>>> print(open('query12.cif').read())   # mmCIF, C-alpha atoms
data_work
loop_
_atom_site.label_atom_id
_atom_site.label_comp_id
_atom_site.auth_asym_id
_atom_site.auth_seq_id
_atom_site.Cartn_x
_atom_site.Cartn_y
_atom_site.Cartn_z
CA MET A 1 10.69 6.00 -5.70
CA SER A 2 13.27 6.71 -3.09
CA PRO A 3 13.79 4.03 -0.46
CA LEU A 4 12.68 4.78 3.08
CA PRO A 5 14.79 3.91 6.10
CA ALA A 6 13.73 0.51 7.47
CA PRO A 7 12.03 1.78 10.67
CA ARG A 8 10.08 4.41 8.74
CA PHE A 9 9.08 1.83 6.11
CA GLU A 10 7.76 -0.54 8.80
CA THR A 11 5.76 2.29 10.41
CA SER A 12 4.36 3.35 7.05
CA LEU A 13 3.49 -0.26 6.14
CA LYS A 14 1.64 -0.77 9.42
CA LYS A 15 -0.39 2.43 8.91
CA VAL A 16 -1.35 1.46 5.36
CA ARG A 17 -2.22 -2.12 6.36
CA ASP A 18 -4.44 -0.91 9.21
CA LEU A 19 -6.09 1.86 7.20
CA LEU A 20 -6.94 -0.30 4.19
CA GLY A 21 -7.57 -3.59 6.03
CA LEU A 22 -4.96 -5.54 4.09
CA ASP A 23 -4.18 -8.15 6.76
CA GLU A 24 -7.11 -10.37 5.78
CA PHE A 25 -5.64 -11.10 2.33
CA LEU A 26 -1.97 -10.18 2.59
CA ASP A 27 -0.76 -13.74 1.93
CA THR A 28 -3.34 -14.54 -0.76
CA PRO A 29 -2.14 -14.90 -4.37
CA VAL A 30 -3.20 -11.91 -6.48
CA ARG A 31 -5.25 -14.01 -8.91
CA GLN A 32 -7.50 -15.12 -6.04
CA LEU A 33 -8.31 -11.57 -4.89
CA SER A 34 -11.49 -9.72 -5.76
CA LEU A 35 -11.28 -6.52 -7.78
CA GLY A 36 -11.82 -4.40 -4.65
CA GLN A 37 -9.02 -6.19 -2.80
CA ARG A 38 -6.70 -5.67 -5.76
CA MET A 39 -7.57 -1.99 -5.84
CA ARG A 40 -6.79 -1.64 -2.13
CA GLY A 41 -3.46 -3.38 -2.74
CA ASP A 42 -2.68 -1.01 -5.61
CA LEU A 43 -3.55 1.99 -3.49
CA ALA A 44 -1.30 0.73 -0.69
CA ALA A 45 1.58 0.30 -3.14
CA ALA A 46 1.05 3.83 -4.44
CA VAL A 47 1.15 5.55 -1.03
CA LEU A 48 3.56 3.26 0.83
CA TYR A 49 6.64 5.32 0.03
CA GLU A 50 4.91 8.60 0.98
CA PRO A 51 5.14 10.34 -2.40
CA PRO A 52 4.93 14.13 -2.45
CA PRO A 53 1.49 15.57 -3.27
CA ARG A 54 0.93 16.46 -6.93
CA CYS A 55 -1.42 18.98 -8.45
CA TRP A 56 -2.77 18.04 -11.87
CA GLU A 57 -4.66 20.65 -13.83
#
>>> encode(input="query12.cif", output="structure tokens")
Amino acid sequence: MSPLPAPRFETSLKKVRDLLGLDEFLDTPVRQLSLGQRMRGDLAAAVLYEPPPRCWE
């Protein structure tokens, strides 16, 4: 993962938080989250740094 410049990171974080609805449980300990909430958190972590698209065959 390559680090993003701070302003771009903040913009990307806001988009991901809004898209996946993470604000409702952002400060909740992971062990208290449901499986669906954990999956949304994992997805956010995966796309936060805007990785290049991959094609798997």
>>> resolve_selection(input="query12.cif", expression="the PyMOL selection byres ((chain A and resi 12-22) around 9)", output="PyMOL selection string")
chain A and resi 7-11+23-26+37+40-41+43-44+47-50
>>> atom_distance(input="query12.cif", atom1="atom CA of Asp42 of chain A", atom2="atom CA of Asp27 of chain A")
14.9 Å
>>> atom_distance(input="query12.cif", atom1="atom CA of Arg38 of chain A", atom2="atom CA of Pro51 of chain A")
20.2 Å
>>> atom_distance(input="query12.cif", atom1="atom CA of Thr28 of chain A", atom2="atom CA of Ala46 of chain A")
19.2 Å
